[in-house]
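Peer 1: Coordinates in upload.txt, compact mmCIF, C-alpha atoms, are listed below.
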```txt
# COMPACT_ATOMS: atom_id res chain seq x y z
CA MET Y 5 0.00 0.00 0.00
CA VAL Y 6 2.82 2.39 0.94
CA ARG Y 7 4.69 1.53 -2.25
CA ARG Y 8 1.58 2.17 -4.32
CA THR Y 9 1.05 5.54 -2.63
CA LYS Y 10 4.66 6.54 -3.40
CA GLU Y 11 4.26 5.45 -7.00
CA GLU Y 12 1.04 7.45 -7.32
CA ALA Y 13 2.71 10.52 -5.80
CA GLN Y 14 5.62 10.19 -8.22
CA ALA Y 15 3.21 9.79 -11.13
CA THR Y 16 1.36 12.95 -10.07
CA ARG Y 17 4.62 14.86 -9.77
CA SER Y 18 5.73 13.75 -13.23
CA HIS Y 19 2.33 14.67 -14.67
CA ILE Y 20 2.55 18.16 -13.17
CA LEU Y 21 6.04 18.63 -14.64
CA ASP Y 22 4.92 17.35 -18.06
CA THR Y 23 2.02 19.80 -18.01
CA ALA Y 24 4.18 22.69 -16.82
CA GLU Y 25 6.54 22.15 -19.77
CA LEU Y 26 3.67 22.50 -22.23
CA VAL Y 27 2.12 25.54 -20.54
CA PHE Y 28 5.47 27.29 -20.10
CA GLU Y 29 6.27 26.65 -23.76
CA LYS Y 30 2.95 28.13 -24.86
CA ARG Y 31 2.64 31.12 -22.53
CA GLY Y 32 6.13 31.77 -21.20
CA VAL Y 33 7.18 31.30 -17.58
CA SER Y 34 6.44 34.75 -16.17
CA ARG Y 35 2.92 34.82 -17.63
CA THR Y 36 2.04 31.38 -16.29
CA SER Y 37 0.55 30.93 -12.82
CA LEU Y 38 0.51 27.79 -10.72
CA HIS Y 39 -3.28 27.97 -10.90
CA GLU Y 40 -3.13 27.67 -14.69
CA ILE Y 41 -0.77 24.70 -14.44
CA ALA Y 42 -3.08 23.04 -11.92
CA GLN Y 43 -6.07 23.55 -14.21
CA ALA Y 44 -4.23 22.18 -17.23
CA ALA Y 45 -3.02 19.17 -15.24
CA GLY Y 46 -6.43 18.50 -13.71
CA VAL Y 47 -5.12 18.75 -10.15
CA THR Y 48 -5.60 21.18 -7.27
CA ARG Y 49 -3.14 23.92 -6.39
CA GLY Y 50 -2.68 22.03 -3.14
CA ALA Y 51 -1.35 19.08 -5.11
CA ILE Y 52 1.23 21.33 -6.74
CA TYR Y 53 2.28 22.82 -3.41
CA TRP Y 54 2.60 19.29 -2.01
CA HIS Y 55 5.39 18.62 -4.51
CA PHE Y 56 6.86 22.09 -5.13
CA GLN Y 57 7.47 25.11 -2.91
CA ASP Y 58 6.71 27.68 -5.62
CA LYS Y 59 7.02 28.30 -9.35
CA SER Y 60 10.81 28.57 -9.18
CA ASP Y 61 11.02 25.18 -7.49
CA LEU Y 62 8.75 23.66 -10.14
CA PHE Y 63 10.75 25.24 -12.97
CA ASN Y 64 14.06 24.01 -11.53
CA ALA Y 65 12.67 20.49 -11.15
CA MET Y 66 11.55 20.61 -14.78
CA MET Y 67 15.07 21.62 -15.82
CA GLU Y 68 16.78 19.00 -13.69
CA ARG Y 69 14.84 16.17 -15.30
CA VAL Y 70 16.60 16.77 -18.62
CA THR Y 71 19.84 18.55 -17.68
CA LEU Y 72 21.19 16.49 -14.76
CA PRO Y 73 22.42 13.60 -16.98
CA MET Y 74 24.18 16.10 -19.26
CA GLU Y 75 25.64 18.02 -16.32
CA GLU Y 76 27.01 14.76 -14.94
CA ALA Y 77 28.60 13.96 -18.32
CA VAL Y 78 30.50 17.26 -18.20
CA LYS Y 79 31.54 16.77 -14.57
CA ARG Y 80 32.98 13.31 -15.29
CA GLY Y 81 35.88 15.06 -17.00
CA ASP Y 82 37.10 16.34 -13.63
CA ASP Y 83 38.73 12.98 -12.83
CA PRO Y 84 42.48 13.00 -12.04
CA SER Y 85 42.85 9.44 -13.37
CA LEU Y 86 41.86 10.41 -16.93
CA LEU Y 87 44.61 9.69 -19.44
CA ASP Y 88 43.03 11.77 -22.21
CA PRO Y 89 41.19 14.76 -20.69
CA LEU Y 90 40.56 16.43 -24.05
CA ASP Y 91 38.85 13.33 -25.39
CA GLN Y 92 36.55 13.42 -22.37
CA ILE Y 93 35.69 17.06 -23.13
CA ARG Y 94 34.91 16.17 -26.75
CA ARG Y 95 32.74 13.20 -25.79
CA SER Y 96 30.83 14.96 -23.01
CA PHE Y 97 29.98 18.03 -25.09
CA ALA Y 98 29.15 15.87 -28.12
CA GLU Y 99 26.72 14.00 -25.86
CA VAL Y 100 25.04 17.30 -24.90
CA LEU Y 101 24.71 18.37 -28.55
CA GLN Y 102 23.43 14.97 -29.69
CA LYS Y 103 20.88 14.80 -26.89
CA THR Y 104 19.65 18.29 -27.76
CA THR Y 105 19.01 17.42 -31.40
CA SER Y 106 17.47 13.98 -30.82
CA ASP Y 107 15.25 14.44 -27.75
CA PRO Y 108 12.08 16.58 -28.20
CA GLN Y 109 11.71 17.03 -24.45
CA VAL Y 110 15.24 18.40 -24.14
CA GLN Y 111 14.53 20.79 -27.02
CA ARG Y 112 11.29 21.97 -25.40
CA VAL Y 113 12.92 22.59 -22.01
CA PHE Y 114 15.93 24.34 -23.56
CA GLU Y 115 13.57 26.51 -25.61
CA ILE Y 116 11.76 27.53 -22.42
CA ALA Y 117 15.00 28.12 -20.51
CA THR Y 118 16.65 30.21 -23.22
CA HIS Y 119 13.77 32.15 -24.75
CA LYS Y 120 10.74 32.01 -22.47
CA VAL Y 121 11.91 32.87 -18.97
CA GLU Y 122 12.55 36.23 -17.30
CA TYR Y 123 14.45 36.57 -14.04
CA VAL Y 124 11.74 38.63 -12.35
CA ASP Y 125 11.27 38.65 -8.57
CA GLU Y 126 9.32 35.41 -8.32
CA LEU Y 127 11.91 33.61 -10.45
CA GLN Y 128 15.08 34.63 -8.62
CA GLY Y 129 15.42 30.99 -7.58
CA VAL Y 130 15.66 30.07 -11.25
CA ARG Y 131 18.46 32.60 -11.79
CA GLU Y 132 20.30 31.31 -8.74
CA ARG Y 133 20.14 27.72 -9.96
CA HIS Y 134 21.25 28.78 -13.44
CA LEU Y 135 24.30 30.49 -11.97
CA SER Y 136 25.02 27.56 -9.66
CA VAL Y 137 24.92 25.04 -12.51
CA ARG Y 138 27.05 27.28 -14.70
CA ASN Y 139 29.67 27.68 -11.99
CA GLU Y 140 29.76 23.96 -11.28
CA CYS Y 141 30.20 23.16 -14.97
CA LEU Y 142 32.90 25.83 -15.30
CA GLY Y 143 34.70 24.35 -12.32
CA ALA Y 144 34.57 20.86 -13.79
CA VAL Y 145 35.80 21.99 -17.22
CA GLU Y 146 38.54 24.07 -15.61
CA GLY Y 147 39.69 20.99 -13.70
CA THR Y 148 39.73 18.94 -16.90
CA LEU Y 149 41.74 21.61 -18.73
CA LYS Y 150 44.25 21.81 -15.88
CA LEU Y 151 44.67 18.05 -16.15
CA ALA Y 152 45.15 18.41 -19.91
CA MET Y 153 47.90 20.95 -19.19
CA LYS Y 154 49.65 18.47 -16.93
CA ARG Y 155 49.36 15.83 -19.65
CA GLY Y 156 50.91 18.24 -22.14
CA GLN Y 157 47.80 18.29 -24.34
CA ILE Y 158 47.33 22.04 -24.15
CA GLY Y 159 49.64 24.95 -23.45
CA ARG Y 160 49.65 27.46 -20.62
CA ARG Y 161 49.29 30.64 -22.68
CA ILE Y 162 46.00 31.45 -20.94
CA PRO Y 163 44.74 30.32 -17.53
CA ALA Y 164 42.59 27.19 -17.43
CA ARG Y 165 39.72 29.26 -15.98
CA ALA Y 166 39.73 31.64 -18.94
CA ALA Y 167 39.86 28.71 -21.37
CA ALA Y 168 36.92 27.08 -19.55
CA ILE Y 169 34.86 30.29 -19.76
CA GLY Y 170 35.56 30.52 -23.49
CA LEU Y 171 34.59 26.91 -24.04
CA HIS Y 172 31.37 27.32 -22.07
CA ALA Y 173 30.48 30.45 -24.04
CA LEU Y 174 31.15 28.59 -27.29
CA ILE Y 175 28.84 25.66 -26.48
CA ASP Y 176 26.17 27.84 -24.85
CA GLY Y 177 26.17 30.17 -27.86
CA LEU Y 178 25.81 27.26 -30.28
CA LEU Y 179 22.86 25.87 -28.34
CA GLN Y 180 21.05 29.21 -28.09
CA ASN Y 181 21.50 30.03 -31.78
CA TRP Y 182 20.42 26.57 -32.86
CA MET Y 183 17.30 26.81 -30.68
CA LEU Y 184 16.35 30.03 -32.50
CA ASP Y 185 16.49 28.27 -35.88
CA PRO Y 186 17.21 24.51 -35.82
CA GLY Y 187 17.34 24.39 -39.61
CA ALA Y 188 20.14 26.95 -39.84
CA PHE Y 189 22.97 24.48 -39.25
CA ASP Y 190 23.77 20.93 -38.12
CA LEU Y 191 24.33 21.38 -34.39
CA VAL Y 192 26.26 18.15 -33.85
CA ARG Y 193 28.56 18.42 -36.87
CA THR Y 194 29.17 22.15 -36.53
CA GLY Y 195 29.59 21.80 -32.78
CA ARG Y 196 32.28 19.17 -33.19
CA GLN Y 197 34.07 21.23 -35.80
CA VAL Y 198 34.23 24.42 -33.75
CA LEU Y 199 35.03 22.53 -30.54
CA ASN Y 200 37.98 20.80 -32.23
CA ALA Y 201 39.15 24.14 -33.64
CA TYR Y 202 38.92 25.76 -30.19
CA LEU Y 203 40.87 22.96 -28.53
CA ALA Y 204 43.46 23.00 -31.32
CA GLY Y 205 43.99 26.67 -30.54
CA LEU Y 206 44.94 25.70 -26.98
CA ALA Y 207 47.61 23.24 -28.13
CA PRO Y 208 51.19 23.75 -26.86
CA ALA Y 209 53.34 26.02 -28.98
CA ALA Y 210 55.54 24.13 -31.43
```
What would you get if you wrote out this structure as structure tokens?
Peer 2:
Amino acid sequence: MVRRTKEEAQATRSHILDTAELVFEKRGVSRTSLHEIAQAAGVTRGAIYWHFQDKSDLFNAMMERVTLPMEEAVKRGDDPSLLDPLDQIRRSFAEVLQKTTSDPQVQRVFEIATHKVEYVDELQGVRERHLSVRNECLGAVEGTLKLAMKRGQIGRRIPARAAAIGLHALIDGLLQNWMLDPGAFDLVRTGRQVLNAYLAGLAPAA
């Protein structure tokens, strides 16, 4: 009985998140109320507040469903035992790009996160999580680049932190521009090309 109740609660939570994705995509985050999400999901506002503290908490949970696996892929590069840190960077970012192009849910959530959210007062929690995730990813990539320096794969002309910021801006910019017009370019192929060019530019001087 307890197991069934937990399963039902999880199903309700997932249903609320599925519905929120669709409503956010249609109306934008700031213009959407929890009442509207409850109506669309066929649940009470109390049911939403049972699972989420507020709209920011619901939005962040929606993001985490699709981004946590990709965030973990990036963070795996910060492993001192890696023999080829640059290969890990290539594979982890290629995984992000491939997932973005092949998974409609990832596309929908990224579209909401990049083009349909404003960091107004009620969504400060969303901004805080965005910054937290960015900083964690930057830290992981910086660690991987430092390891690549030790392995002699890249030079020391610029600090690893600056190189990590540039790499993050490169991938983030590709994703945002592709989301504006997915038919403009092949995200995976172009992403690999520019990533390889960027990393080649970090190579040790001859």
Peer 1: Point out the residue among Y:Gly205, Y:Gly46, Y:Pro89, Y:Gly32 with the least atom-to-atom distance to Y:Leu151, counting all atoms listed in the file.
Peer 2: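 Counting all atoms listed in the file, the residue closest to Y:Leu151 is Y:Pro89.
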Peer 1: In Å, rounded to a single decimal, give me how far atom CA of Y:Gln92 is from atom CA of Y:Arg131.
Peer 2: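 Distance reported for this atom pair: 28.4 Å.
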Peer 1: Which value, in Å to one decimal, gives the distance between atom CA of Y:Gln57 and atom CA of Y:Glu140?
Peer 2: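 Computing the Euclidean distance for atom CA of Y:Gln57 and atom CA of Y:Glu140 yields 23.8 Å.
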Peer 1: Just give me the gap between atom CA of Y:Gly187 and atom CA of Y:Ala173 in Å, one decimal is fine.
Peer 2: 21.3 Å
Peer 1: Any idea what's packed within 8 Å of Y:Arg49, counting all atoms listed in the file, ignoring anything in its chain fewer than 3 positions away? Could you give it as a list in words?
Peer 2: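 Residues meeting the cut-off are Leu38, His39, Ala42, Ile52 and Tyr53 of chain Y.
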Peer 1: Taking only C-alpha atoms into account, which of Y:Val192, Y:Asn64, Y:Asp185, Y:Gly159 comes nearest Y:Arg133?
Peer 2: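 Checking each candidate against Y:Arg133, we get Y:Asn64 as the closest.
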Peer 1: Point out the residue among Y:Thr194, Y:Ser106, Y:Leu178, Y:Leu142 with the least atom-to-atom distance to Y:Arg165, counting all atoms listed in the file.
Peer 2: Y:Leu142
Peer 1: Please tell me which residues are no farther than 10 Å from (14.1, 30.3, -23.1) in the file, counting only C-alpha atoms, and write them as a list in words.
Peer 2: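 Nearby residues: Phe28, Glu29, Gly32, Val33, Arg112, Val113, Phe114, Glu115, Ile116, Ala117, Thr118, His119, Lys120, Val121, Glu122, Gln180, Met183 and Leu184 of chain Y.
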Peer 1: Would you pick out the contacts of Y:Leu171 at 9 Å or less, using all atoms listed in the file, so that residues sharing its chain but fewer than 6 positions from it are not included, and give the list as a JSON list (two decimals) with C-alpha atoms, in the coordinates of the input?
Peer 2:
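Final output, selection_39.json:
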```
[["chain", "number", "residue", "atom", "x", "y", "z"],
["Y", 142, "LEU", "CA", 32.90, 25.83, -15.30],
["Y", 145, "VAL", "CA", 35.80, 21.99, -17.22],
["Y", 199, "LEU", "CA", 35.03, 22.53, -30.54],
["Y", 202, "TYR", "CA", 38.92, 25.76, -30.19],
["Y", 203, "LEU", "CA", 40.87, 22.96, -28.53]]
```
Peer 1: Show me, as a ChimeraX atom specification, the residues that have an atom within 9 Å of Y:Arg196 when counting all atoms listed in the file, minus same-chain residues fewer than 3 positions from it.
Peer 2: /Y:94,97-98,101,191-193,199-201
Peer 1: Under the rule that all atoms listed in the file are counted, which of Y:Leu179, Y:Val78, Y:Ala44, Y:Leu206 is the nearest residue to Y:Ala167?
Peer 2: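 Closest to Y:Ala167, using all atoms listed in the file: Y:Leu206.
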Peer 1: Could you check the closest approach to Y:Met74 for each of Y:Thr104, Y:Ser136, Y:Gln43, Y:Gln111 and tell me which residue wins, using all atoms listed in the file?
Peer 2: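 That would be Y:Thr104, the residue with the smallest distance to Y:Met74.
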Peer 1: Rank nothing, just name the residue among Y:Gly50, Y:Gly195, Y:Arg155, Y:Arg17 nearest to Y:Arg95, using all atoms listed in the file.
Peer 2: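 The shortest atom-to-atom distance to Y:Arg95 comes from Y:Gly195.
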Peer 1: Do you know which residues lie at most 12 Å from (16.3, 19.7, -15.5), with coordinates as in the file and only C-alpha atoms counted, and could you write them as number ranges by chain?
Peer 2: Y: 21-22, 25, 61-76, 109-114, 116-117, 130, 133-134, 137
Peer 1: Box for stretch 31-49 of chain Y - axis-aligned, 8 Å on each of the six sides, all listed atoms - centre and size in Å to one decimal, as AutoDock Vina command-line options.
Peer 2:
```
--center_x 0.4 --center_y 26.7 --center_z -14.5 --size_x 29.6 --size_y 32.3 --size_z 32.1
```
